[in-house]
Structure formats: C-alpha cells, structure tokens
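Scroll down for the structure; my scribbles are underneath it.
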Amino acid sequence: MIRFAENGRWFHLATDHTSYIFQILPSGHLSHRYYGSAVSTVDSITELVMKHPLEVGSQVAYDEKDKTFSLNMTPLELSTCGKGDFRDPMLHFRLRDGSRVTDFTYRSHEILSLKPHFPEMPETFDASGTASETLKVTMRDEVADLEVDLLYTVFSSVDCIARRAVIRNGKNPVRIDKAMSLNLDFPEADFELLTLDGAWIRERHLHSRPLLFGTVRIDSKKGVSSADHNPFFALRRKHTDEQVGECYGFSLVYSGNFEATAEVNPHSLLRILMGINSFDFEWNLEPNDSFVTPESVLTFSANGLSGMSQNLHELINRHVIDPAWQQKDRPILLNNWEATGFDFKEAKLLRLARTAKKLGIELFVLDDGWFGKRDDDTTSLGDWTPNPRKLPSGLGGLAAKIRGMGLDFGIWVEPEMVSEDSHLYRAHPEWVIRLPDRVPSKGRNQLILDLSQSAVRDYLFDALAGVFDAGGVSYCKWDMNRNFSDMYSLPLGPERQGEFFHRYVLGLYDLLARLKRRFPRVLFESCASGGNRFDLGMLYYMPQTWTSDDTDGIERLYIQYGTSMVYPLSTMGAHVSAVPNMQTIRNTPLETRFNTAIFGLLGYELDLTRCNPFEKKVIRKQIAFYKEHRHLLQFGKFTRMASPFSGNECLWMVSSAQGDEALVGVYQVLARPNGPLQKIQIPGLDAKKTFQIRNRPQYFNLRTFGDLVRHALPIRLRADGMLFNALSNRYLMSAETEDLRVEGDLLQSFGFIPKQPFIGTGYNDQVRLMGDFGSRIYHLRAERKS
C-alpha cells in the first residue's frame with residue numbers, strides 16, 4: 001500500500017511487514033526518513049528526524065534563507081553533485097555548456113495500480129495486476145531542462161520494493177556520466193556489509209566486514225555481472241544471525257557491468273548506491289529522448305538473514321521468473337560434458353542415454369562439441385550446424401532416437417561467441433568486438449560477437465531457431481565462456497563508444513526476448529563459465545542458471561550457501577559428477593554429492609556407462625527419492641541453519657508453506673574424533689503438530705572401510721580379496737536408521753538428537769558414521785490425524 005500525507009508531505013510505502021517512508025522537504029528535495037519494521041503512522045516520525053538548529057561547520061548551505069540546511073547532512077532519495085552534497089551521487093551529467101551541476105526538486109507524483117512496463121529491460125512484474133502498487137515521483141531541474149521519474153513498486157506480500165529511475169531530456173543534448181538505479185541514505189552506519197565474492201569454480205562465497213568511514217565498492221568491469229562480485233549485498237546489525245535480527249538486502253536486475261557502493265561520510269551517514277557501472281560509461285541523450293536504468297530490488301527483514309533471503313526468493317519465484325515456469329517441476333537431466341568432453345560419437349551418446357533412462361533420468365543434454373568441426377575449443381563457434389562425423393543422422397536423427405527411449409532432448413549453445421576458425425568469422429569479421437587498429441586479445445581461444453548490431457542478432461536468431469526446430473529441443477543450456485576485451489563497436493562511431501557495454505546488454509536482452517516468444521516451451525538455463533552471469537536480469541529470460549562449473553559436493557556447499565542469500569533453489573543447477581572431482585581432485589562420497597545437489601535442480605554429469613552395479617543401484621534410489629520430494633525441494637521455503645563459512649558443519653532446510661513437512665540437510669566437512677552428540681534445532685515448523693523424523697536411506701560401499709569392514713559385517717573379508725571386490729561393486733551396506741516422534745514446539749525450542757556419531761570404539765546400526773565429507777538428509781512430516 002502506498003499513502004501520501006498532504007499534511008507533512010510524507011510518502012509511506014507499506015508492505016505486510018515493512019515501512020519505507022520519505023518526505024518532500026521545503027527545498028523540494030526528497031529526504032529518506034525510515035525503512036524497517038512496519039509502523040502504522042508517520043505522524044511521530046518528525047520527532048526522529050535529525051535537526052540542525054545551528055549551521056554545521058564546513059558545510060555548504062543550500063539556500064541563503066536557511067543556513068542550517070545542507071544537502072550533505074540530509075538523507076536523500078536522489079542525489080547529484082554540485083550543490084553541497086559531497087558524497088558519491090546517484091546521477092551525474094555533462095550539460096551542453098560543459099557544466100556538470102544539476103539540482104532536481106519535486107514536481108509531481110502519481111500512485112499507479114498498474115506497474116509501468118519497459119520492454120527493453122528485464123524487470124519485476126505483477127502478472128495478476130493486483131500484487132503491487134507503483135509510486136512515480138517526478139523530479140525536475142529547470143535550468144538543465146531535465147526530468148527524472150523515480151519509480152517505487154511495492155510488492156506487499158513478499159516485503160520487497162523495486163526501484164528504478166527514468167531520465168527524460170528536454171530540448172538540448174546532454175551526456176549521462178552516471179545513472180544509478182537506487183540511492184538510499186541511512187541516518188546511521190552501525191552495520192556489517194555482506195557480499196558474495198569469488199572466482200571461476202569458487203563463486204559467491206559469503207564475506208562480511210564492518211562499515212567504517214569511507215567507501216566500500218563492489219563492481220564488475222568484465223561486461224557481465226561476473227563471478228568476482230555478485231550484484232547483491234546486504235546490511236545487517238552486528239548481532240543478526242540467520243533467524244534473528246534486522247537486515248537489508250539489495251540486488252540489481254541487470255547482467256552487465258555494475259557497481260554497488262556503501263559510503264559512510266564523516267558524520268556517520270550511510271549512502272547505498274546500486275546500478276550500471278559508471279566506469280567507462282557514457283550515454284548521449286538526445287533532445288526529447290529518455291534513458292531507463294535497470295531495476296533494483298530491496299527488502300528488509302527483522303527475522304535474520306534467512307528471512308531476508310526468503311523475501312527475495314518469493315519475489316523471484318513470483319515476480320521475476322516467467323509465469324510459464326513458476327511452480328513447474330524441472331526435469332532430472334544427464335549432461336554428457338564431464339563424461340565425454342569433445343570426444344564422442346552418436347553411438348556413445350545413445351549408450352549414455354539408454355543407461356540414464358534405466359536409472360530414472362528424464363532429460364538428455366548434449367553439450368559442447370556437436371557442431372562444425374569442433375574437436376577442441378579452438379574452432380567452429382558460430383557455425384551452428386551438426387558435425388556429420390559425430391552425428392551421422394544429424395541433430396534431428398539423434399534427438400528422435402533419444403526421444404524414442406522416453407527421454408527429452410536438450411542442447412548446449414554458446415551464441416555470443418565466435419571462433420576465428422569458423423565460416424561465420426571469415427564471412428563477417430565486422431561482427432566481432434574489436435578495435436580497428438589492434439590485434440584482439442582472446443579468452444578461451446574465442447572472440448565475442450557484437451550483439452549491439454541488429455544484423456548479428458538476426459543471424460543468431462535464425463541459426464538458433466534452426467537448431468531448436470531440428471532437434472525438437474525442450475531444454476537449452478546457453479553458455480558464455482569469456483569476459484570482454486578490446487571494447488569497440490564499429491557501427492557506433494567514436495562519440496558513442498561509452499555506450500557500448502550497455503548497448504551490448506540491451507542487444508542480448510532483445511535476442512533472448514525474441515527467442516522466448518518463438519520457443520515458449522523451451523527451458524533455458526543460463527551459464528557463463530558456470531556462475532559468471534548469475535543475476536536477476538538473466539533469470540527474467542531464463543528461469544535457471546548453472547550455478548558453477550565446480551561440481552564437487554563439498555565446494556558446492558559454500559557456493560550454494562552463498563548463492564541462496566539471493567537466489568531460490570528453483571534457479572540453481574546442481575549436478576552429481578564423478579570422483580575424483582574434475583575441479584578439486586576430491587573424493588566426495590556419492591551420497592554426499594547427491595545430498596548437496598538436491599538442494600538445487602538435480603542433474604548428473606558423469607559417464608553412467610562406467611558406473612559399477614553399486615553406483616547404479618544407489619543412483620536409481622537417489623533419483624526415486626528426488627522425484628518423491630521434487631516440488632518441495634525446488635519450491636519450498638529455504639532456511640539456512642549453520643554456515644560452512646563459520647565451521648566444520650553446514651545445515652540447511654527446505655519446508656512447506658504450511659510448516660507441516662521439511663527436508664533437512666546435514667553436512668560434515670571433516671570427521672572429528674570422539675566428538676559431541678549433535679542437536680539439530682528446527683525453526684519454522686508448525687508448533688502445534690507432532691512430527692515423524694526419518695533419515696533418507698543411504699548406503700556405504702565396502703571400500704570405504706577396507707580391512708576394517710570385518711568390524712561391521714558378520715563375515716570376515718580381506719580388502720585385497722576377490723570376494724571383497726565383488727561385494728564392494730554390488731552390495732549396499734545400509735547406514736543407520738532414524739525413526740523419531742517429536743512435537744513441533746520442541747523442535748523449535750530444542751530440536752532433535754540423531755544417533756551417536758562414530759567415536760572410534762566400534763560400529764553398529766546404532767552409530768551414525770559420517771566420516772570426511774559425510775552427510776545426512778532428514779525428512780520431517782507432521783502426523784496426520786486419523
């Protein structure tokens with residue numbers, strides 16, 4: 001709900017549990033007053049406003065009539081440079097006369113029942129037309145003849161607000177040097193800043209630091225949102241944890257260069273800015289033209305970081321993901337990449353598919369190497385025609401055979417790239433991003449196509465439509481395996497090269513929108529060397545993202561824990577791969593690889609034809625379990641309980657909206673000798689119900705024990721014997737079984753205690769043996785009244 005109070009000139013943006021309040025000042029500027037837990041009235045907020053009855057030293061008075069008023073001491077909703085505010089500004093321009101000073105003051109406002117739509121950009125949406133309201137506040141600089149519409153869309157039921165700015169020009173050309181989507185000023189800075197940082201195969205690790213005087217900045221200059229820093233950060237109070245305490249979350253609906261800053265000025269005022277990276281950005285705004293910034297989203301939670309994440313997850317699942325894929329179960333897939341690399345032929349792929357079908361997999365995905373003469377990564381990107389040597393019956397023939405087995409068929413593409421050794425490059429070298437007088441630098445032996453050019457987008461649309469039609473594909477993995485260099489677009493001309501990065505992103509969005517309209521039933525998964533472009537902008541077009549090229553079940557704990565700060569499980573691709581793992585050389589048990597991957601969108605990425613009977617039996621049981629609980633795992637409420645960044649354990653949970661069912665994941669990085677009993681406290685379930693608690697059946701391979709297996713089995717075996725080898729390839733040795741009944745209120749206040757961990761003195765069915773890289777899944781379900 002949005003309210004405007006004429007008396008006091010307050011705006012109150014209210015969600016179910018939060019209030020966001022700002023005021024029109026006598027000067028016409030917008031001053032931020034409050035963002036936090038819901039308040040019923042704004043009348044007494046005036047008592048909480050910082051007052052300066054005397055002029056503050058070393059400040060610039062905005063107006064001679066009131067020397068106590070300085071923009072530098074005022075929490076603002078929109079900021080510029082040159083009228084006394086010395087903090088980083090939200091907007092910055094170069095005007096026709098060369099001046100750079102602007103001053104926007106209130107002109108008008110509207111409260112809109114329908115959210116304005118900007119089709120050139122991804123954005124939050126309200127499909128029903130009843131879940132949101134939008135406030136449009138128009139600010140004007142008379143001297144510069146510029147107007148800015150500040151848009152605030154309130155999604156009440158998910159406690160989120162979406163913000164963006166629309167800059168509208170008058171009669172003179174102007175250059176935009178900086179255009180942030182969000183400016184939010186706090187009257188204090190007593191927060192810790194949380195960011196998601198990393199690198200390839202180590203994305204979105206969680207880091208925390210206290211805010212001190214000065215500016216903390218995260219950004220990307222790579223042309224994509226990047227794995228270095230995700231376009232998200234959070235503020236939390238010092239004692240806030242996952243379940244308790246105040247915190248704020250901010251995320252950007254954009255897939256290119258971005259910046260996000262937290263600045264504490266000498267008077268401990270905190271300014272948050274988020275938007276397109278102002279480094280290497282210029283936009284020439286012609287007379288009567290407009291510029292739309294990407295959308296940013298923000299949320300407040302008084303219920304800890306998990307509460308913040310749950311707000312964002314609900315926003316994404318309801319108001320970012322395409323309605324066609326909302327609450328729609330995603331298939332279990334087999335991707336052939338880690339099984340074959342580039343080295344495959346049709347016969348090998350069909351053997352993989354047949355084995356996958358027998359184990360319960362639903363979708364076969366053909367990865368890189370199927371087109372042109374692509375036997376390595378030096379050739380053929382851009383030539384999207386099947387390799388007849390590898391696929392003698394063509395893409396359509398292979399797809400038909402796989403569908404004949406009862407599997408759906410998916411394909412990998414990397415459309416934004418081109419190889420120098422390709423027909424496309426030889427025909428159209430002018431389509432490549434490169435400087436006219438320099439030899440271009442390459443990444444992964446490839447160059448980038450200039451998607452700001454409509455001819456490039458038209459070619460890619462036609463080429464991809466041909467691939468999707470020929471293969472009858474139901475799934476597409478869209479990859480992007482390098483960052484930008486040699487930034488230059490030949491058609492733009494020298495005066496508009498500062499627009500290149502943003503125009504590229506707009507071109508990408510245009511292509512994706514066209515393909516979505518043409519292929520509404522294709523499930524697109526975004527990938528960029530794994531998680532190098534995991535952002536809300538891509539999720540608007542593609543409802544899921546390949547979380548990381550790192551498939552190790554232990555490293556994925558860190559990656560998926562951090563990713564879940566913003567993104568719901570329904571967006572995270574997560575696969576079970578072979579060991580030793582390709583990225584870490586770690587031997588993580590098969591059960592743990594699965595137990596990590598199910599808190600995401602499950603797939604397998606290993607050579608199933610080389611699995612022994614033990615592994616196939618286990619995988620078949622894993623898939624059956626996932627199918628039984630798929631909807632809960634993909635769309636339930638996700639709660640983090642113990643962080644792998646803080647210790648040796650990771651705990652998380654997904655629960656039903658009614659609080660009557662949950663799956664809890666418990667993970668141990670390293671075994672500790674003679675450790676304590678574990679107590680697992682369960683938040684958020686129905687306190688009035690009684691729950692049955694059972695663990696997912698798991699199995700050990702006898703090779704785990706070697707000669708020690710004689711202490712666990714009734715028969716004596718030698719680890720170097722033929723019988724041991726035969727049994728270890730076939731026999732499923734069961735782990736312990738839990739079967740408990742605990743009341744919901746006790747689970748919340750105390751928890752439950754699983755069986756005694758292994759402490760080195762023996763093993764039987766009453767001992768929980770986790771070992772290094774061990775894990776368990778516990779299923780909690782409320783008892784039904786007879």
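In the structure tokens, the first chain shown is A, the next is B, and so on; residue numbers restart at 1 for each chain, and ligands run from 1 in the order shown.
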Show which residues sit within 8 Å of range 738-745 of chain A, as a tab-separated table (two decimals) with N, CA and C atoms, in the first residue's frame. Count only C-alpha atoms, and ignore same-chain residues fewer than 5 positions away.
chain	number	residue	atom	x	y	z
A	685	LEU	N	8.62	-24.71	11.76
A	685	LEU	CA	7.57	-25.69	11.51
A	685	LEU	C	6.37	-25.42	12.43
A	686	ASP	N	5.27	-26.09	12.14
A	686	ASP	CA	4.03	-25.89	12.90
A	686	ASP	C	4.23	-26.38	14.33
A	687	ALA	N	4.19	-25.46	15.26
A	687	ALA	CA	4.47	-25.80	16.66
A	687	ALA	C	3.39	-26.68	17.26
A	688	LYS	N	2.21	-26.73	16.67
A	688	LYS	CA	1.10	-27.47	17.24
A	688	LYS	C	1.02	-28.91	16.76
A	689	LYS	N	1.90	-29.28	15.85
A	689	LYS	CA	1.84	-30.63	15.30
A	689	LYS	C	2.97	-31.50	15.84
A	690	THR	N	2.78	-32.80	15.73
A	690	THR	CA	3.82	-33.77	16.08
A	690	THR	C	4.43	-34.30	14.78
A	691	PHE	N	5.76	-34.39	14.76
A	691	PHE	CA	6.46	-34.74	13.53
A	691	PHE	C	7.15	-36.09	13.64
A	692	GLN	N	7.04	-36.88	12.59
A	692	GLN	CA	7.84	-38.09	12.46
A	692	GLN	C	9.12	-37.72	11.71
A	693	ILE	N	10.25	-38.15	12.23
A	693	ILE	CA	11.55	-37.80	11.66
A	693	ILE	C	12.24	-39.09	11.22
A	694	ARG	N	12.55	-39.16	9.94
A	694	ARG	CA	13.28	-40.30	9.39
A	694	ARG	C	14.40	-39.78	8.51
A	695	ASN	N	15.50	-40.52	8.48
A	695	ASN	CA	16.58	-40.14	7.58
A	695	ASN	C	16.42	-40.84	6.24
A	752	PHE	N	16.10	-32.00	17.78
A	752	PHE	CA	16.16	-33.45	17.97
A	752	PHE	C	17.62	-33.88	17.92
A	754	PRO	N	20.05	-36.87	16.71
A	754	PRO	CA	20.21	-38.11	15.94
A	754	PRO	C	21.11	-39.09	16.68
A	755	LYS	N	21.30	-40.25	16.11
A	755	LYS	CA	22.08	-41.30	16.77
A	755	LYS	C	23.51	-40.84	17.03
Shell around range 523-532 of chain A at 8 Å using only C-alpha atoms, local window under 4 positions removed, as JSON, numbers by chain: {"A": [200, 201, 203, 224, 225, 226, 227, 228, 474, 475, 476, 477, 478, 479, 480, 481, 482, 538, 539, 541, 542, 543, 544, 545, 546, 547, 548, 549, 550]}
If you count only C-alpha atoms, which residues fall within 6 Å of range 353-368 of chain A, apart from same-chain ones fewer than 6 positions away, as a ChimeraX atom specification? /A:331-335,337,407-412,620
What's the 10 Å shell around Leu184 in chain A, counting only C-alpha atoms, without same-chain residues fewer than 6 positions away, as a ChimeraX atom specification? /A:31-32,35,75-79,90,262,270-274
Put those residues in a file: C-alpha atoms, as a tab-separated table (two decimals), in the first residue's frame.
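Heads up, here's the output in part-v3.tsv:
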chain	number	residue	atom	x	y	z
A	31	SER	CA	14.54	13.09	2.14
A	32	HIS	CA	14.60	9.49	3.30
A	35	TYR	CA	12.98	1.87	6.36
A	75	PRO	CA	19.43	11.58	3.88
A	76	LEU	CA	18.25	11.76	0.28
A	77	GLU	CA	16.32	9.63	-2.23
A	78	LEU	CA	18.01	11.24	-5.25
A	79	SER	CA	21.45	12.86	-5.15
A	90	MET	CA	23.19	8.85	-7.87
A	262	ALA	CA	28.29	1.72	0.68
A	270	LEU	CA	25.41	5.84	5.18
A	271	ARG	CA	24.67	6.03	1.46
A	272	ILE	CA	23.82	2.96	-0.63
A	273	LEU	CA	24.09	3.21	-4.43
A	274	MET	CA	23.50	0.46	-6.98
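When only C-alpha atoms are used to compute distances to His502 in chain A, the closest of the residues A:Leu713, A:Ile619, A:Ile276, A:Leu608 turns out to be A:Ile276.
Among the candidates A:Leu395, A:Ile21, A:Leu312, A:Val418, the residue lying nearest to Gly36 in chain A is A:Ile21 (atoms considered: only C-alpha atoms).
Between Gln583 in chain A and the residues A:Ser290, A:Leu13, A:Phe700, A:Glu338, the shortest atom-to-atom distance, using only C-alpha atoms, involves A:Glu338.
Distances here use only C-alpha atoms; by that measure, the residue among A:Tyr699, A:Tyr626, A:Trp370, A:Phe519 closest to Leu398 in chain A is A:Trp370.
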So which residues of range 108-188 of chain A fall under strand (DSSP E or B) by DSSP, listed as a VMD selection string? chain A and resid 108 to 112 132 to 141 146 to 155 160 to 169 174 to 186
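Close contacts of range 282-285 of chain A, defined as residues with an atom at most 9 Å away when counting only C-alpha atoms, with chain neighbours fewer than 6 positions off set aside, comprise Arg168, Asn169, Asn172, Pro173, Val174, Arg175, Ile176, Asp177, Lys178, Phe291, Glu495, Arg496, Gln497, Gly498, Glu499 and Phe500 of chain A.
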I need the residues of range 503-659 of chain A that end up classed as alpha helix (DSSP H) by DSSP on the backbone, written out as a ChimeraX atom specification. /A:503-518,536-541,555-563,590-597,613-635
Go ahead and dump the residues you just picked, C-alpha atoms, as a CSV table (one decimal), in the first residue's frame.
chain,number,residue,atom,x,y,z
A,503,ARG,CA,24.0,-1.5,-25.7
A,504,TYR,CA,25.5,-5.0,-25.8
A,505,VAL,CA,23.4,-6.0,-22.8
A,506,LEU,CA,20.3,-4.4,-24.4
A,507,GLY,CA,21.1,-6.4,-27.6
A,508,LEU,CA,21.4,-9.6,-25.6
A,509,TYR,CA,18.0,-9.0,-23.9
A,510,ASP,CA,16.4,-8.3,-27.3
A,511,LEU,CA,17.7,-11.6,-28.7
A,512,LEU,CA,16.5,-13.5,-25.6
A,513,ALA,CA,13.1,-11.9,-25.7
A,514,ARG,CA,12.7,-12.9,-29.3
A,515,LEU,CA,13.7,-16.5,-28.7
A,516,LYS,CA,11.4,-16.8,-25.7
A,517,ARG,CA,8.5,-15.6,-27.8
A,518,ARG,CA,9.4,-18.1,-30.5
A,536,LEU,CA,18.1,-11.4,-11.9
A,537,GLY,CA,18.4,-10.0,-15.4
A,538,MET,CA,19.2,-13.4,-16.8
A,539,LEU,CA,16.6,-15.1,-14.7
A,540,TYR,CA,13.9,-12.9,-16.2
A,541,TYR,CA,14.6,-14.7,-19.5
A,555,GLU,CA,32.8,-26.9,-2.5
A,556,ARG,CA,29.2,-26.7,-3.7
A,557,LEU,CA,28.1,-26.3,0.0
A,558,TYR,CA,29.9,-22.9,0.1
A,559,ILE,CA,28.8,-21.9,-3.4
A,560,GLN,CA,25.1,-22.9,-2.9
A,561,TYR,CA,25.0,-21.4,0.6
A,562,GLY,CA,26.2,-18.1,-0.6
A,563,THR,CA,24.0,-18.2,-3.7
A,590,LEU,CA,28.3,-40.4,-3.9
A,591,GLU,CA,25.6,-39.9,-1.3
A,592,THR,CA,27.0,-36.5,-0.3
A,593,ARG,CA,27.3,-35.4,-3.9
A,594,PHE,CA,23.6,-36.2,-4.2
A,595,ASN,CA,22.6,-34.7,-0.8
A,596,THR,CA,24.2,-31.4,-1.9
A,597,ALA,CA,22.8,-31.4,-5.4
A,613,PRO,CA,26.4,-52.1,-10.1
A,614,PHE,CA,26.7,-50.5,-6.6
A,615,GLU,CA,26.7,-47.0,-8.0
A,616,LYS,CA,23.8,-47.6,-10.4
A,617,LYS,CA,21.7,-49.1,-7.6
A,618,VAL,CA,22.4,-46.1,-5.4
A,619,ILE,CA,21.7,-43.6,-8.2
A,620,ARG,CA,18.4,-45.3,-9.0
A,621,LYS,CA,17.4,-44.9,-5.4
A,622,GLN,CA,18.6,-41.3,-5.3
A,623,ILE,CA,16.5,-40.4,-8.3
A,624,ALA,CA,13.4,-42.1,-6.9
A,625,PHE,CA,13.8,-40.1,-3.6
A,626,TYR,CA,14.2,-36.8,-5.5
A,627,LYS,CA,11.1,-37.4,-7.6
A,628,GLU,CA,9.1,-38.1,-4.5
A,629,HIS,CA,10.2,-34.8,-2.9
A,630,ARG,CA,10.9,-32.8,-6.1
A,631,HIS,CA,8.4,-30.0,-5.7
A,632,LEU,CA,9.3,-29.4,-2.0
A,633,LEU,CA,13.0,-29.3,-2.8
A,634,GLN,CA,12.6,-26.9,-5.8
A,635,PHE,CA,9.9,-24.6,-4.5
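Considering only C-alpha atoms, the residue among A:Lys83, A:Arg140, A:Lys373, A:Lys637 positioned nearest to Gly170 in chain A is A:Arg140.
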Fewer than 2 positions away in the same chain doesn't count, so skip those; otherwise give me all residues within 12 Å of Arg444 in chain A, counting only C-alpha atoms, as a PyMOL selection string. chain A and resi 376-379+381+417-420+441-442+446-448+480-484+529
Next, the residues of the selection above should be written as a PDB file, in the first residue's frame with C-alpha atoms.
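Below is the file again-v5.pdb, written as the result:
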ATOM      1  CA  ASP A 376      38.561 -28.743 -29.162  1.00  0.00           C
ATOM      2  CA  ASP A 377      37.932 -25.163 -28.087  1.00  0.00           C
ATOM      3  CA  THR A 378      39.855 -23.501 -30.938  1.00  0.00           C
ATOM      4  CA  THR A 379      37.290 -23.778 -33.691  1.00  0.00           C
ATOM      5  CA  LEU A 381      31.866 -21.311 -32.631  1.00  0.00           C
ATOM      6  CA  MET A 417      30.933 -16.192 -29.224  1.00  0.00           C
ATOM      7  CA  VAL A 418      32.782 -16.850 -32.462  1.00  0.00           C
ATOM      8  CA  SER A 419      35.982 -18.697 -33.334  1.00  0.00           C
ATOM      9  CA  GLU A 420      38.439 -17.179 -35.802  1.00  0.00           C
ATOM     10  CA  SER A 441      43.003 -10.448 -27.201  1.00  0.00           C
ATOM     11  CA  LYS A 442      41.193 -13.758 -26.832  1.00  0.00           C
ATOM     12  CA  GLN A 446      37.438 -17.122 -28.904  1.00  0.00           C
ATOM     13  CA  LEU A 447      36.107 -13.667 -29.742  1.00  0.00           C
ATOM     14  CA  ILE A 448      32.790 -12.036 -28.861  1.00  0.00           C
ATOM     15  CA  MET A 480      29.139 -17.587 -22.358  1.00  0.00           C
ATOM     16  CA  ASN A 481      32.737 -18.557 -21.677  1.00  0.00           C
ATOM     17  CA  ARG A 482      34.812 -15.395 -21.667  1.00  0.00           C
ATOM     18  CA  ASN A 483      34.943 -11.813 -20.412  1.00  0.00           C
ATOM     19  CA  PHE A 484      35.218  -8.721 -22.604  1.00  0.00           C
ATOM     20  CA  SER A 529      31.677 -20.473 -17.346  1.00  0.00           C
TER      21      SER A 529
END
